[in-house]
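J.: After the structure tokens below, expect a handful of questions from me.
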Amino acid sequence: MTTKSEKNNVYVESEFATLKRVVLTQSEAFMHFNFDDFPEGDMPMPEGGMSMNTDPVEAQKKWEKEREDLKKILEKYGVEVQRPRLLNEKEKQLGAVKDGITGGEGVTNFFVRDPFFTIGNHLIEGSFKSAYRRLEVLPVRSILDKEAAQNNVPHVAVPQPDVSKGINSAAGPYLEGGDILVYGKTVFVGNSGLASNKAGIDWLRNYLTPSGYKVVEVKLEPGTLHLDCAISFVRDGLMIVSMDSLANGLPEELKNWDKIEVSYKDAQDLAVNGLPISSKVYVTDIAFKNTIGKELEKRGIKVEYVDYEISRSFGGAFRCSTQPLLRTDS
């Protein structure tokens, strides 16, 4: 598979093209809801993850260290890393406003994969179903504005969700970066009912079709938050996949790929949410060294390991923590 890239510093050719420029997330979460009341599956918590007895100060230090450890690996391979700014006090206050955009559920700045995504040379701001994440794009927007201006590329946003029937209305449109997998001019988009929905997918299809893209919806089972919790492209023809996370199996375009299959339990523990640095190098958690790591190494992939326990306890791992600006082998 080859795709001609534009001559600029913003272009994503595929999930496994060489990563050259990336945004790496911060480690901030200010939530004002009761976890016991949270809809099941809406924020997956891995077994063995952070418990309520964890010292929050120590957990925060470890959380920040996890991201710094990932940053070191990215830079080891020559990747240019940018970071969103931290949340400001006004944003934290807005997250607590009961009748505001988040419904008083809080504000987060902990996974940069979802608030925007890059397809080809298009920078696209997403639209969150979870109200507490709806301010998450703000800390990264200055990066998007700068990159769009410097590289003369499109910077657009999914329409705001219809909240006329309530802040948690299912109408959408909803479209989140964790549901987007890029494979040349084919874009796979997950839909479990927890994040991206048909209205968001239809919007993306209408937007990208004039640029020659094909958008393929992938139905997920109801407990899988995003597509990147179920499928990870390692290189052309090789994927990591949780078949039990896919409601209707793999799309036709992917059925003949070599598959490293993981259990549904491991997928819920974010085993699939690794990060290819190139088609030859893959980042995953040390927890999966004897499973995914071993299978990747058997196939000639260099595996870099990071302890990412705290990040996974918040429902995301390496892919969730990053959003590429430039991924190309051209």
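Labeling convention for the structure tokens: chains A, B, ... as they appear, residues from 1 per chain, ligands from 1 in order of appearance.
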From the DSSP assignment of the backbone, select every residue of range 4-153 of chain A that is strand (DSSP E), and format the answer as a list in words.

T.: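 Here are the strand (DSSP E) residues of range 4-153 of chain A: Tyr11, Val12, Leu19, Lys20, Arg21, Val22, Val23, Leu24, Glu28, Ala29, Phe30, Met31, Glu80, Val81, Gln82, Gly106, Val107, Thr108, Asn109, Phe116, Phe117, Thr118, Ile119, His122, Leu123, Ile124 and Glu125 of chain A.
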
J.: Filtering to C-alpha atoms, could you give me those residues as a compact mmCIF listing (two decimals), in the first residue's frame?

T.:
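To be explicit, this is the file written out as again11.txt:
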```
# COMPACT_ATOMS: atom_id res chain seq x y z
CA TYR A 11 0.08 14.13 6.81
CA VAL A 12 -1.01 10.71 8.08
CA LEU A 19 5.91 8.33 12.90
CA LYS A 20 7.79 11.63 12.56
CA ARG A 21 5.75 14.26 14.41
CA VAL A 22 3.25 13.63 17.21
CA VAL A 23 1.23 15.28 19.97
CA LEU A 24 1.69 13.53 23.34
CA GLU A 28 -4.91 15.79 33.98
CA ALA A 29 -8.37 14.69 35.11
CA PHE A 30 -10.81 16.73 37.20
CA MET A 31 -14.00 14.68 37.43
CA GLU A 80 9.29 15.30 17.16
CA VAL A 81 7.01 15.52 20.21
CA GLN A 82 4.63 18.37 21.05
CA GLY A 106 -15.72 17.64 35.08
CA VAL A 107 -12.95 18.26 32.58
CA THR A 108 -10.06 16.14 31.33
CA ASN A 109 -6.78 16.51 29.47
CA PHE A 116 -8.76 15.58 17.19
CA PHE A 117 -7.43 13.27 14.51
CA THR A 118 -5.32 13.53 11.38
CA ILE A 119 -6.36 11.87 8.11
CA HIS A 122 -6.80 17.02 7.26
CA LEU A 123 -6.77 18.13 10.91
CA ILE A 124 -10.23 17.31 12.27
CA GLU A 125 -11.60 18.20 15.71
```

J.: Taking only C-alpha atoms into account, produce a table as CSV in which each residue of range 217-258 of chain A with an atom at most 8 Å from an atom of range 191-203 of chain A appears once, together with its shortest atom pair and the distance in Å to one decimal, ordered by chain and rising number.

T.:
```
residue,atom,partner,partner_atom,distance
A:Glu217,CA,A:Asn191,CA,7.0
A:Val218,CA,A:Asn191,CA,6.1
A:Lys219,CA,A:Asn191,CA,5.0
A:Leu220,CA,A:Ser192,CA,4.5
A:Glu221,CA,A:Ser192,CA,5.7
A:Pro222,CA,A:Ser192,CA,5.1
A:Gly223,CA,A:Ser192,CA,7.4
A:Thr224,CA,A:Ser192,CA,6.4
A:Leu225,CA,A:Leu194,CA,5.7
A:His226,CA,A:Ala195,CA,6.9
A:Leu227,CA,A:Asn191,CA,7.5
```

J.: Taking into account only C-alpha atoms, which residue in the set A:Ile286, A:Ala170, A:Leu250, A:Ile277 is nearest to Thr328 in chain A?

T.: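 Comparing A:Ile286, A:Ala170, A:Leu250, A:Ile277 against Thr328 in chain A, the winner is A:Ile277.
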
J.: Hey, which of A:Lys129, A:Arg85, A:Arg113, A:Arg312 ends up closest to Gln268 in chain A? Count only C-alpha atoms.

T.: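 Among the listed residues, the smallest separation from Gln268 in chain A belongs to A:Arg312.
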
J.: Do you know which residues are at most 12 Å from range 57-64 of chain A counting only C-alpha atoms, after dropping those on the same chain fewer than 4 positions away, and could you put them as a ChimeraX atom specification?

T.: /A:24-29,49-53,68-71,110,306-314,316-317,321

J.: Just C-alpha atoms for this one: save the residues we selected as a PDB file, in the first residue's frame.

T.:
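The resulting file, again_39.pdb, is reproduced below:
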```pdb
ATOM      1  CA  LEU A  24       1.685  13.532  23.339  1.00  0.00           C
ATOM      2  CA  THR A  25      -0.955  14.090  25.988  1.00  0.00           C
ATOM      3  CA  GLN A  26      -0.794  15.594  29.472  1.00  0.00           C
ATOM      4  CA  SER A  27      -1.968  13.808  32.641  1.00  0.00           C
ATOM      5  CA  GLU A  28      -4.913  15.794  33.983  1.00  0.00           C
ATOM      6  CA  ALA A  29      -8.375  14.686  35.107  1.00  0.00           C
ATOM      7  CA  GLY A  49      -5.606  -1.065  37.554  1.00  0.00           C
ATOM      8  CA  MET A  50      -5.624   1.853  39.963  1.00  0.00           C
ATOM      9  CA  SER A  51      -7.739   1.151  43.054  1.00  0.00           C
ATOM     10  CA  MET A  52      -9.559   3.663  45.197  1.00  0.00           C
ATOM     11  CA  ASN A  53      -6.918   3.010  47.887  1.00  0.00           C
ATOM     12  CA  GLU A  68       7.646  10.896  30.083  1.00  0.00           C
ATOM     13  CA  ASP A  69       8.887   7.341  29.537  1.00  0.00           C
ATOM     14  CA  LEU A  70       6.846   7.155  26.342  1.00  0.00           C
ATOM     15  CA  LYS A  71       8.242  10.520  25.260  1.00  0.00           C
ATOM     16  CA  PHE A 110      -5.538  12.941  29.581  1.00  0.00           C
ATOM     17  CA  VAL A 306       6.655   0.741  28.973  1.00  0.00           C
ATOM     18  CA  ASP A 307       4.840   0.260  32.274  1.00  0.00           C
ATOM     19  CA  TYR A 308       1.557   2.079  31.595  1.00  0.00           C
ATOM     20  CA  GLU A 309      -0.578   0.844  34.490  1.00  0.00           C
ATOM     21  CA  ILE A 310      -1.992   4.193  35.621  1.00  0.00           C
ATOM     22  CA  SER A 311      -2.831   5.378  32.126  1.00  0.00           C
ATOM     23  CA  ARG A 312      -4.596   2.093  31.417  1.00  0.00           C
ATOM     24  CA  SER A 313      -6.574   2.454  34.635  1.00  0.00           C
ATOM     25  CA  PHE A 314      -8.120   5.587  33.088  1.00  0.00           C
ATOM     26  CA  GLY A 316      -6.407   4.275  27.471  1.00  0.00           C
ATOM     27  CA  ALA A 317      -2.842   3.323  26.630  1.00  0.00           C
ATOM     28  CA  SER A 321      -1.978   9.089  24.567  1.00  0.00           C
TER      29      SER A 321
END
```

J.: I'd like to know which residues of range 110-265 of chain A are alpha helix (DSSP H) (by DSSP, run on the backbone); could you write them as a list of chain:residue names?

T.: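 Listing alpha helix (DSSP H) positions across range 110-265 of chain A yields A:Leu138, A:Pro139, A:Val140, A:Arg141, A:Ser142, A:Ile143, A:Leu144, A:Asp145, A:Lys146, A:Glu147, A:Ala148, A:Ala149, A:Gln150, A:Asn151, A:Lys198, A:Ala199, A:Gly200, A:Ile201, A:Asp202, A:Trp203, A:Leu204, A:Arg205, A:Asn206, A:Tyr207, A:Leu208, A:Tyr264, A:Lys265.
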
J.: Could you pull the residues within 12 Å of Arg134 in chain A, counting only C-alpha atoms, minus those fewer than 2 positions along the same chain, as a ChimeraX atom specification?

T.: /A:91,94-95,100-109,114-116,125-132,136-139,160-161,167-168,174-176

J.: Convert the current residue selection to file output with C-alpha atoms, as an mmCIF file, in the first residue's frame.

T.:
```cif
data_model
loop_
_atom_site.group_PDB
_atom_site.id
_atom_site.type_symbol
_atom_site.label_atom_id
_atom_site.label_comp_id
_atom_site.auth_asym_id
_atom_site.auth_seq_id
_atom_site.Cartn_x
_atom_site.Cartn_y
_atom_site.Cartn_z
ATOM 1 C CA GLU A 91 -11.649 25.470 32.074
ATOM 2 C CA LEU A 94 -16.439 25.372 33.478
ATOM 3 C CA GLY A 95 -16.170 21.627 33.963
ATOM 4 C CA GLY A 100 -22.709 23.992 31.235
ATOM 5 C CA ILE A 101 -21.258 22.090 28.308
ATOM 6 C CA THR A 102 -20.037 19.216 30.505
ATOM 7 C CA GLY A 103 -23.147 19.011 32.671
ATOM 8 C CA GLY A 104 -20.920 19.508 35.695
ATOM 9 C CA GLU A 105 -19.208 16.136 35.146
ATOM 10 C CA GLY A 106 -15.716 17.635 35.085
ATOM 11 C CA VAL A 107 -12.953 18.257 32.580
ATOM 12 C CA THR A 108 -10.062 16.143 31.331
ATOM 13 C CA ASN A 109 -6.780 16.513 29.472
ATOM 14 C CA ASP A 114 -9.840 11.542 20.749
ATOM 15 C CA PRO A 115 -10.311 15.347 20.657
ATOM 16 C CA PHE A 116 -8.762 15.580 17.193
ATOM 17 C CA GLU A 125 -11.601 18.197 15.706
ATOM 18 C CA GLY A 126 -13.909 15.502 17.054
ATOM 19 C CA SER A 127 -17.178 15.569 18.962
ATOM 20 C CA PHE A 128 -17.487 13.723 22.286
ATOM 21 C CA LYS A 129 -20.414 11.701 23.517
ATOM 22 C CA SER A 130 -19.084 11.782 27.099
ATOM 23 C CA ALA A 131 -19.900 15.255 28.392
ATOM 24 C CA TYR A 132 -16.911 15.454 30.745
ATOM 25 C CA GLU A 136 -10.641 18.413 25.939
ATOM 26 C CA VAL A 137 -9.821 19.945 22.572
ATOM 27 C CA LEU A 138 -9.103 23.382 24.050
ATOM 28 C CA PRO A 139 -5.592 22.656 25.427
ATOM 29 C CA GLN A 160 -21.444 20.326 17.780
ATOM 30 C CA PRO A 161 -23.753 17.579 19.099
ATOM 31 C CA ILE A 167 -26.754 17.108 27.354
ATOM 32 C CA ASN A 168 -26.407 13.331 27.079
ATOM 33 C CA TYR A 174 -20.307 12.055 17.690
ATOM 34 C CA LEU A 175 -16.891 11.219 16.275
ATOM 35 C CA GLU A 176 -13.823 10.413 18.385
#
```

J.: Would you list the contacts of range 150-156 of chain A as a list in words, taking every protein, DNA or RNA residue within 9 Å and counting only C-alpha atoms, but skipping same-chain residues closer than 2 positions in sequence?

T.: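 Within the cut-off, the hits are Lys7, Asn8, Asn9, Val10, Asn121, His122, Leu123, Ile124, Glu125, Leu144, Asp145, Lys146, Glu147, Ala148 and Val158 of chain A.
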
J.: Would you mind exporting the chosen residues as an mmCIF file, in the first residue's frame, restricted to N, CA and C atoms?

T.:
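Here's the written file out05.cif:
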```cif
data_model
loop_
_atom_site.group_PDB
_atom_site.id
_atom_site.type_symbol
_atom_site.label_atom_id
_atom_site.label_comp_id
_atom_site.auth_asym_id
_atom_site.auth_seq_id
_atom_site.Cartn_x
_atom_site.Cartn_y
_atom_site.Cartn_z
ATOM 1 N N LYS A 7 3.655 17.703 0.435
ATOM 2 C CA LYS A 7 4.962 18.224 0.834
ATOM 3 C C LYS A 7 4.781 19.223 1.965
ATOM 4 N N ASN A 8 4.385 18.714 3.133
ATOM 5 C CA ASN A 8 4.284 19.548 4.317
ATOM 6 C C ASN A 8 4.513 18.667 5.532
ATOM 7 N N ASN A 9 4.376 19.243 6.708
ATOM 8 C CA ASN A 9 4.659 18.511 7.932
ATOM 9 C C ASN A 9 3.409 17.995 8.620
ATOM 10 N N VAL A 10 2.282 17.999 7.937
ATOM 11 C CA VAL A 10 1.054 17.406 8.457
ATOM 12 C C VAL A 10 0.522 16.430 7.422
ATOM 13 N N ASN A 121 -3.900 15.036 5.041
ATOM 14 C CA ASN A 121 -3.467 16.344 5.539
ATOM 15 C C ASN A 121 -4.607 17.112 6.196
ATOM 16 N N HIS A 122 -5.652 16.399 6.616
ATOM 17 C CA HIS A 122 -6.804 17.020 7.264
ATOM 18 C C HIS A 122 -6.673 16.933 8.785
ATOM 19 N N LEU A 123 -6.700 18.072 9.457
ATOM 20 C CA LEU A 123 -6.774 18.131 10.912
ATOM 21 C C LEU A 123 -8.246 18.298 11.277
ATOM 22 N N ILE A 124 -8.792 17.330 12.013
ATOM 23 C CA ILE A 124 -10.229 17.307 12.273
ATOM 24 C C ILE A 124 -10.484 17.236 13.776
ATOM 25 N N GLU A 125 -11.188 18.230 14.307
ATOM 26 C CA GLU A 125 -11.601 18.197 15.706
ATOM 27 C C GLU A 125 -12.827 17.305 15.839
ATOM 28 N N LEU A 144 -3.169 22.975 16.803
ATOM 29 C CA LEU A 144 -3.884 22.770 15.537
ATOM 30 C C LEU A 144 -3.901 24.047 14.711
ATOM 31 N N ASP A 145 -4.178 25.171 15.351
ATOM 32 C CA ASP A 145 -4.187 26.453 14.636
ATOM 33 C C ASP A 145 -2.825 26.731 14.005
ATOM 34 N N LYS A 146 -1.777 26.507 14.789
ATOM 35 C CA LYS A 146 -0.411 26.762 14.306
ATOM 36 C C LYS A 146 -0.056 25.837 13.149
ATOM 37 N N GLU A 147 -0.343 24.549 13.313
ATOM 38 C CA GLU A 147 0.015 23.575 12.276
ATOM 39 C C GLU A 147 -0.756 23.833 10.985
ATOM 40 N N ALA A 148 -2.027 24.173 11.102
ATOM 41 C CA ALA A 148 -2.829 24.444 9.907
ATOM 42 C C ALA A 148 -2.296 25.660 9.166
ATOM 43 N N VAL A 158 -15.978 18.596 13.568
ATOM 44 C CA VAL A 158 -17.280 17.936 13.487
ATOM 45 C C VAL A 158 -18.320 18.879 14.099
#
```

J.: Please, what distance in Å, to one decimal, runs between CA of Gly274 in chain A and CA of Leu135 in chain A?

T.: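 These two atoms are separated by 25.3 Å.
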